[in-house]
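Raw contents of entry-v6.txt, compact mmCIF, C-alpha atoms:
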# COMPACT_ATOMS: atom_id res chain seq x y z
CA MET A 1444 -113.81 -103.14 167.86
CA GLU A 1445 -114.90 -103.08 164.22
CA ASP A 1446 -111.52 -102.41 162.59
CA MET A 1447 -109.48 -104.68 164.83
CA GLU A 1448 -109.28 -107.30 162.07
CA LEU A 1449 -106.94 -104.92 160.21
CA VAL A 1450 -104.45 -104.67 163.10
CA THR A 1451 -101.79 -107.36 163.33
CA TYR A 1452 -100.58 -108.63 166.68
CA CYS A 1453 -97.16 -107.06 166.08
CA GLY A 1454 -98.77 -103.69 165.39
CA LEU A 1455 -98.85 -103.33 161.63
CA TYR A 1456 -102.02 -102.02 159.98
CA CYS A 1457 -103.28 -104.18 157.11
CA GLY A 1458 -104.73 -101.14 155.37
CA LEU A 1459 -101.14 -100.00 154.73
CA CYS A 1460 -100.18 -103.23 152.98
CA SER A 1461 -99.83 -102.90 149.21
CA VAL A 1462 -101.98 -106.03 148.81
CA ARG A 1463 -104.95 -103.98 150.01
CA SER A 1464 -104.06 -100.86 148.05
CA ARG A 1465 -101.78 -100.86 145.01
CA ILE A 1466 -101.81 -104.56 144.13
CA LEU A 1467 -105.58 -104.66 144.53
CA SER A 1468 -106.04 -101.65 142.26
CA GLN A 1469 -103.56 -102.90 139.67
CA ALA A 1470 -105.08 -106.38 139.64
CA LYS A 1471 -108.58 -104.97 139.13
CA THR A 1472 -107.34 -102.76 136.29
CA LEU A 1473 -105.51 -105.63 134.58
CA ARG A 1474 -108.46 -108.00 134.98
CA GLN A 1475 -110.89 -105.44 133.58
CA SER A 1476 -108.58 -104.62 130.65
CA MET A 1477 -108.21 -108.30 129.84
CA ALA A 1478 -111.96 -108.89 130.15
CA ASN A 1479 -112.57 -105.94 127.80
CA GLU A 1480 -110.29 -107.67 125.29
CA GLY A 1481 -112.23 -110.93 125.65
CA TYR A 1482 -109.64 -112.95 127.53
CA ASP A 1483 -112.26 -114.23 129.94
CA THR A 1484 -113.92 -115.89 126.92
CA TRP A 1485 -111.19 -116.99 124.52
CA GLY A 1486 -108.23 -116.92 126.90
CA THR A 1487 -109.24 -120.28 128.30
CA GLU A 1488 -107.63 -121.79 125.19
CA LEU A 1489 -104.21 -120.49 126.26
CA PRO A 1490 -101.96 -122.84 128.28
CA GLY A 1491 -101.92 -121.87 131.98
CA PHE A 1492 -104.64 -119.25 131.55
CA LYS A 1493 -107.17 -120.76 133.96
CA PRO A 1494 -104.86 -120.79 137.04
CA PHE A 1495 -103.57 -117.32 136.08
CA TRP A 1496 -107.12 -115.95 135.73
CA ASP A 1497 -108.14 -117.51 139.05
CA PHE A 1498 -105.07 -116.02 140.73
CA LEU A 1499 -105.72 -112.60 139.20
CA THR A 1500 -109.35 -112.78 140.32
CA ASP A 1501 -108.22 -113.63 143.85
CA LEU A 1502 -105.82 -110.65 143.84
CA CYS A 1503 -108.90 -108.48 143.30
CA ASP A 1504 -110.21 -109.64 146.68
CA PRO A 1505 -107.83 -108.95 149.59
CA GLU A 1506 -109.75 -111.36 151.81
CA LYS A 1507 -108.67 -114.18 149.50
CA THR A 1508 -105.10 -112.95 149.07
CA CYS A 1509 -104.49 -112.22 152.76
CA PRO A 1510 -107.40 -112.09 155.17
CA GLY A 1511 -105.19 -110.53 157.85
CA CYS A 1512 -103.19 -111.83 160.75
CA ARG A 1513 -106.18 -112.27 163.06
CA GLN A 1514 -108.08 -114.27 160.44
CA GLY A 1515 -105.26 -116.72 159.69
CA GLY A 1516 -103.30 -114.70 157.13
CA GLY A 1517 -99.60 -113.99 157.30
CA PRO A 1518 -96.92 -116.54 158.07
CA PRO A 1519 -98.53 -119.53 159.83
CA PHE A 1520 -95.38 -120.03 161.91
CA CYS A 1521 -95.31 -116.47 163.32
CA SER A 1522 -94.39 -116.67 166.98
CA ILE A 1523 -95.57 -113.11 167.65
CA ARG A 1524 -99.19 -114.12 167.14
CA LYS A 1525 -98.74 -117.10 169.45
CA CYS A 1526 -96.98 -115.01 172.12
CA ALA A 1527 -99.58 -112.22 172.07
CA ARG A 1528 -102.40 -114.72 172.43
CA GLN A 1529 -100.64 -116.46 175.32
CA ARG A 1530 -100.06 -113.13 177.07
CA GLY A 1531 -103.61 -111.96 176.41
CA VAL A 1532 -102.60 -108.74 174.63
CA GLU A 1533 -104.55 -107.44 171.64
CA VAL A 1534 -101.42 -105.85 170.16
CA CYS A 1535 -97.80 -106.21 171.26
CA GLY A 1536 -97.49 -102.48 171.93
CA PHE A 1537 -99.57 -103.04 175.07
CA CYS A 1538 -97.24 -105.75 176.42
CA ASP A 1539 -95.03 -104.87 179.39
CA GLU A 1540 -92.01 -106.26 177.54
CA TYR A 1541 -92.50 -104.14 174.39
CA PRO A 1542 -90.42 -104.02 172.28
CA CYS A 1543 -89.08 -107.55 172.61
CA LYS A 1544 -86.55 -109.34 170.40
CA ARG A 1545 -89.34 -110.64 168.16
CA ILE A 1546 -90.66 -107.15 167.52
CA GLU A 1547 -87.14 -105.80 167.03
CA GLY A 1548 -86.60 -108.48 164.37
CA VAL A 1549 -89.70 -107.47 162.42
CA ALA A 1550 -88.86 -103.78 162.91
CA LYS A 1551 -85.68 -104.32 160.89
CA GLY A 1552 -87.96 -104.43 157.88
CA TYR A 1553 -90.73 -102.13 159.07
CA SER A 1554 -88.99 -99.04 160.39
CA THR A 1555 -92.17 -97.43 161.77
CA LEU A 1556 -93.25 -100.49 163.77
CA ILE A 1557 -91.80 -99.65 167.20
CA HIS A 1558 -92.73 -95.97 166.96
CA ASP A 1559 -96.26 -96.94 165.89
CA GLY A 1560 -96.53 -99.37 168.81
CA LYS A 1561 -95.55 -96.66 171.27
CA ARG A 1562 -97.94 -94.22 169.62
CA MET A 1563 -100.74 -96.78 169.85
CA LYS A 1564 -100.17 -97.15 173.59
CA GLU A 1565 -100.00 -93.37 174.02
CA ILE A 1566 -103.25 -92.44 172.21
CA GLY A 1567 -105.22 -95.69 172.41
CA LEU A 1568 -106.14 -98.26 169.82
CA GLU A 1569 -109.20 -96.53 168.33
CA ALA A 1570 -107.37 -93.22 167.79
CA TRP A 1571 -104.36 -95.07 166.37
CA ILE A 1572 -106.54 -96.93 163.87
CA ALA A 1573 -108.09 -93.61 162.82
CA GLU A 1574 -104.57 -92.25 162.23
CA GLN A 1575 -103.68 -95.30 160.13
CA LYS A 1576 -106.80 -94.85 158.00
CA GLU A 1577 -105.71 -91.27 157.33
CA ARG A 1578 -102.18 -92.47 156.56
CA ALA A 1579 -103.62 -94.94 154.03
CA LYS A 1580 -105.52 -92.13 152.27
CA THR A 1581 -102.17 -90.52 151.39
CA GLY A 1582 -101.24 -93.58 149.31
CA PHE A 1583 -98.57 -94.69 151.78
CA ALA A 1584 -97.81 -98.41 151.91
CA TYR A 1585 -95.27 -100.24 154.05
CA VAL A 1586 -93.44 -101.35 150.94
CA ASP A 1587 -92.41 -97.70 150.43
CA ILE A 1588 -90.14 -97.86 153.47
CA ARG A 1589 -89.61 -101.57 154.06
CA CYS A 1590 -85.99 -102.45 154.59
CA TYR A 1591 -84.26 -105.77 154.13
CA PRO A 1592 -83.52 -108.11 155.67
CA TYR A 1593 -86.20 -108.47 158.26
CA GLU A 1594 -87.11 -111.45 160.36
CA VAL A 1595 -90.42 -113.24 160.53
CA PRO A 1596 -90.16 -114.81 163.98
CA SER A 1597 -90.82 -118.48 164.48
CA ASP A 1598 -90.32 -120.73 167.44
Take the structure in the file and give it back as C-alpha cells.
Amino acid sequence: MEDMELVTYCGLYCGLCSVRSRILSQAKTLRQSMANEGYDTWGTELPGFKPFWDFLTDLCDPEKTCPGCRQGGGPPFCSIRKCARQRGVEVCGFCDEYPCKRIEGVAKGYSTLIHDGKRMKEIGLEAWIAEQKERAKTGFAYVDIRCYPYEVPSD
C-alpha cells in the first residue's frame, strides 16, 4: 500500500506529526526569510551558523528529520516495532492482543491511539488512512492533544 510508510506500527499516522506539518512549514518560512536577508551568504561568518543552517535545512525535509517508523525513524529501542514484526502484523490494531500494555503506555500520551486502532480494524487500513489524511487537512497534529507523561516502550 502506497501510504503505509506513514503508518507507525503502534497505529499513529505520521501525517499528523507536527514535524510533517507545522515544524516543516515554520522551518521553511524561517529559512526563506533568512536567505532573503542574505544569511546563506554572510551568515557563514557567524559562530555556529553552519550546523544551525544544516539543521534548519534538514527540518525543511521531513524525510531527513524523521523518515517514519517503518523507515527507521522514531526511537530505535521501541519494542512495539519489534513485537509487531515478530507477530507479523502491519499495525498493532490488528493484533489479537490489542491493546496490550505497550500500546496502553504510548496511549497515555496519545489519547486517540486506542480508539484509532479500533477504528482502523473496523473500517480497514485504506479507509483509515484516508480519514487521517482528511484529519491532517484540518491542521490537527498530535501535539495538540498529547498528554504527559507517556511511555516509549523498550525491552
Checklist entry - Near Trp1496 (chain A), counting only C-alpha atoms, which residues have an atom at most 10 Å away, once you skip same-chain residues fewer than 2 positions from it, shown as a list in words? => result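 In the requested format, the answer is Arg1474, Met1477, Tyr1482, Asp1483, Gly1486, Thr1487, Gly1491, Phe1492, Lys1493, Pro1494, Phe1498, Leu1499, Thr1500, Asp1501 and Leu1502 of chain A.
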Residues just named, written with C-alpha atoms as a CSV table (one decimal), keeping the file's coordinate frame:
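So the final result, stored in result16.csv, reads:
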chain,number,residue,atom,x,y,z
A,1474,ARG,CA,-108.5,-108.0,135.0
A,1477,MET,CA,-108.2,-108.3,129.8
A,1482,TYR,CA,-109.6,-113.0,127.5
A,1483,ASP,CA,-112.3,-114.2,129.9
A,1486,GLY,CA,-108.2,-116.9,126.9
A,1487,THR,CA,-109.2,-120.3,128.3
A,1491,GLY,CA,-101.9,-121.9,132.0
A,1492,PHE,CA,-104.6,-119.2,131.6
A,1493,LYS,CA,-107.2,-120.8,134.0
A,1494,PRO,CA,-104.9,-120.8,137.0
A,1498,PHE,CA,-105.1,-116.0,140.7
A,1499,LEU,CA,-105.7,-112.6,139.2
A,1500,THR,CA,-109.4,-112.8,140.3
A,1501,ASP,CA,-108.2,-113.6,143.8
A,1502,LEU,CA,-105.8,-110.6,143.8
Item to check | Between CA of Gly1548 (chain A) and CA of Thr1581 (chain A), distance in Å (one decimal) | outcome: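 CA of Gly1548 (chain A) sits 27.1 Å away from CA of Thr1581 (chain A).
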Write out as CSV the residues of region 1454-1542 of chain A that have any atom within 12 Å of an atom of region 1550-1554 of chain A, one row each with the nearest atom pair and its distance in Å to one decimal, counting all atoms listed in the file, sorted by chain and then rising number.
residue,atom,partner,partner_atom,distance
A:Gly1454,CA,A:Ala1550,CA,10.2
A:Leu1455,CA,A:Tyr1553,CA,8.6
A:Tyr1456,CA,A:Tyr1553,CA,11.3
A:Leu1459,CA,A:Tyr1553,CA,11.5
A:Cys1460,CA,A:Tyr1553,CA,11.3
A:Pro1542,CA,A:Ala1550,CA,9.5
Next on the checklist: At a cut-off of 9 Å, using all atoms listed in the file, what residues contact Ser1464 (chain A)? Leave out same-chain residues fewer than 4 positions from it and give the result as a PyMOL selection string.
Outcome noted: chain A and resi 1458-1460+1468-1469+1579+1582+1584
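Compared by their closest atoms to Lys1471 (chain A), and using only C-alpha atoms, the residues A:Phe1520, A:Ile1588, A:Gln1575, A:Cys1503 rank with A:Cys1503 nearest.
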Next on the checklist: Can you pull out the residues contacting Ile1572 (chain A)? Cut-off 10 Å, using only C-alpha atoms, and skip same-chain residues under 3 positions away; I want them as a list of chain:residue names.
Outcome noted: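 Near Ile1572 (chain A), the qualifying residues are A:Asp1446, A:Met1447, A:Leu1449, A:Val1450, A:Tyr1456, A:Gly1458, A:Met1563, A:Gly1567, A:Leu1568, A:Glu1569, A:Gln1575, A:Lys1576, A:Glu1577, A:Arg1578.
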Checklist entry - How far is it from CA of Ser1461 (chain A) to CA of Gly1515 (chain A), in Å with one decimal? => result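 It comes out at 18.2 Å.
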Checklist entry - Leaving out Val1462 (chain A) and any residue of its chain fewer than 6 positions from it, which residues lie within 8 Å of it when counting all atoms listed in the file, given as an MDAnalysis selection string? => result chainID A and resid 1502 1505 1508:1509
Can region 1465-1497 of chain A be brought up to N, CA and C atoms and written out as a JSON list (two decimals), keeping the file's coordinate frame?
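Okay, part_23.json is ready:
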[["chain", "number", "residue", "atom", "x", "y", "z"],
["A", 1465, "ARG", "N", -102.31, -100.88, 146.38],
["A", 1465, "ARG", "CA", -101.78, -100.86, 145.01],
["A", 1465, "ARG", "C", -102.01, -102.15, 144.24],
["A", 1466, "ILE", "N", -101.66, -103.28, 144.83],
["A", 1466, "ILE", "CA", -101.81, -104.56, 144.13],
["A", 1466, "ILE", "C", -103.27, -104.78, 143.80],
["A", 1467, "LEU", "N", -104.14, -104.52, 144.74],
["A", 1467, "LEU", "CA", -105.58, -104.66, 144.53],
["A", 1467, "LEU", "C", -106.04, -103.81, 143.35],
["A", 1468, "SER", "N", -105.65, -102.56, 143.33],
["A", 1468, "SER", "CA", -106.04, -101.65, 142.26],
["A", 1468, "SER", "C", -105.47, -102.10, 140.91],
["A", 1469, "GLN", "N", -104.20, -102.47, 140.91],
["A", 1469, "GLN", "CA", -103.56, -102.90, 139.67],
["A", 1469, "GLN", "C", -104.17, -104.20, 139.15],
["A", 1470, "ALA", "N", -104.47, -105.12, 140.05],
["A", 1470, "ALA", "CA", -105.08, -106.38, 139.64],
["A", 1470, "ALA", "C", -106.46, -106.15, 139.04],
["A", 1471, "LYS", "N", -107.24, -105.28, 139.67],
["A", 1471, "LYS", "CA", -108.58, -104.97, 139.13],
["A", 1471, "LYS", "C", -108.48, -104.34, 137.75],
["A", 1472, "THR", "N", -107.53, -103.42, 137.59],
["A", 1472, "THR", "CA", -107.34, -102.76, 136.29],
["A", 1472, "THR", "C", -106.93, -103.77, 135.22],
["A", 1473, "LEU", "N", -105.96, -104.63, 135.54],
["A", 1473, "LEU", "CA", -105.51, -105.63, 134.58],
["A", 1473, "LEU", "C", -106.64, -106.59, 134.23],
["A", 1474, "ARG", "N", -107.36, -107.06, 135.23],
["A", 1474, "ARG", "CA", -108.46, -108.00, 134.98],
["A", 1474, "ARG", "C", -109.52, -107.37, 134.09],
["A", 1475, "GLN", "N", -109.88, -106.12, 134.39],
["A", 1475, "GLN", "CA", -110.89, -105.44, 133.58],
["A", 1475, "GLN", "C", -110.40, -105.22, 132.16],
["A", 1476, "SER", "N", -109.15, -104.82, 132.00],
["A", 1476, "SER", "CA", -108.58, -104.62, 130.65],
["A", 1476, "SER", "C", -108.60, -105.92, 129.86],
["A", 1477, "MET", "N", -108.22, -107.01, 130.51],
["A", 1477, "MET", "CA", -108.21, -108.30, 129.84],
["A", 1477, "MET", "C", -109.62, -108.77, 129.50],
["A", 1478, "ALA", "N", -110.57, -108.53, 130.42],
["A", 1478, "ALA", "CA", -111.96, -108.89, 130.15],
["A", 1478, "ALA", "C", -112.49, -108.08, 128.98],
["A", 1479, "ASN", "N", -112.13, -106.79, 128.93],
["A", 1479, "ASN", "CA", -112.57, -105.94, 127.80],
["A", 1479, "ASN", "C", -112.04, -106.46, 126.47],
["A", 1480, "GLU", "N", -110.88, -107.10, 126.50],
["A", 1480, "GLU", "CA", -110.29, -107.67, 125.29],
["A", 1480, "GLU", "C", -110.81, -109.08, 124.99],
["A", 1481, "GLY", "N", -111.63, -109.62, 125.88],
["A", 1481, "GLY", "CA", -112.23, -110.93, 125.65],
["A", 1481, "GLY", "C", -111.47, -112.11, 126.21],
["A", 1482, "TYR", "N", -110.42, -111.84, 126.98],
["A", 1482, "TYR", "CA", -109.64, -112.95, 127.53],
["A", 1482, "TYR", "C", -110.47, -113.89, 128.39],
["A", 1483, "ASP", "N", -111.45, -113.36, 129.09],
["A", 1483, "ASP", "CA", -112.26, -114.23, 129.94],
["A", 1483, "ASP", "C", -113.06, -115.23, 129.11],
["A", 1484, "THR", "N", -113.21, -114.97, 127.82],
["A", 1484, "THR", "CA", -113.92, -115.89, 126.92],
["A", 1484, "THR", "C", -112.95, -116.79, 126.15],
["A", 1485, "TRP", "N", -112.07, -116.19, 125.37],
["A", 1485, "TRP", "CA", -111.19, -116.99, 124.52],
["A", 1485, "TRP", "C", -109.85, -117.33, 125.16],
["A", 1486, "GLY", "N", -109.51, -116.66, 126.24],
["A", 1486, "GLY", "CA", -108.23, -116.92, 126.90],
["A", 1486, "GLY", "C", -108.11, -118.31, 127.49],
["A", 1487, "THR", "N", -109.25, -118.93, 127.73],
["A", 1487, "THR", "CA", -109.24, -120.28, 128.30],
["A", 1487, "THR", "C", -108.52, -121.28, 127.40],
["A", 1488, "GLU", "N", -108.34, -120.92, 126.13],
["A", 1488, "GLU", "CA", -107.63, -121.79, 125.19],
["A", 1488, "GLU", "C", -106.11, -121.70, 125.35],
["A", 1489, "LEU", "N", -105.65, -120.69, 126.07],
["A", 1489, "LEU", "CA", -104.21, -120.49, 126.26],
["A", 1489, "LEU", "C", -103.69, -121.39, 127.39],
["A", 1490, "PRO", "N", -102.52, -122.00, 127.21],
["A", 1490, "PRO", "CA", -101.96, -122.84, 128.28],
["A", 1490, "PRO", "C", -101.71, -122.01, 129.55],
["A", 1491, "GLY", "N", -102.15, -122.52, 130.68],
["A", 1491, "GLY", "CA", -101.92, -121.87, 131.98],
["A", 1491, "GLY", "C", -102.85, -120.70, 132.27],
["A", 1492, "PHE", "N", -103.78, -120.42, 131.35],
["A", 1492, "PHE", "CA", -104.64, -119.25, 131.55],
["A", 1492, "PHE", "C", -105.57, -119.42, 132.75],
["A", 1493, "LYS", "N", -106.18, -120.57, 132.88],
["A", 1493, "LYS", "CA", -107.17, -120.76, 133.96],
["A", 1493, "LYS", "C", -106.56, -120.49, 135.34],
["A", 1494, "PRO", "N", -105.42, -121.10, 135.72],
["A", 1494, "PRO", "CA", -104.86, -120.79, 137.04],
["A", 1494, "PRO", "C", -104.44, -119.31, 137.15],
["A", 1495, "PHE", "N", -103.93, -118.74, 136.05],
["A", 1495, "PHE", "CA", -103.57, -117.32, 136.08],
["A", 1495, "PHE", "C", -104.81, -116.47, 136.32],
["A", 1496, "TRP", "N", -105.89, -116.73, 135.60],
["A", 1496, "TRP", "CA", -107.12, -115.95, 135.73],
["A", 1496, "TRP", "C", -107.71, -116.09, 137.14],
["A", 1497, "ASP", "N", -107.66, -117.30, 137.68],
["A", 1497, "ASP", "CA", -108.14, -117.51, 139.05],
["A", 1497, "ASP", "C", -107.30, -116.72, 140.04]]
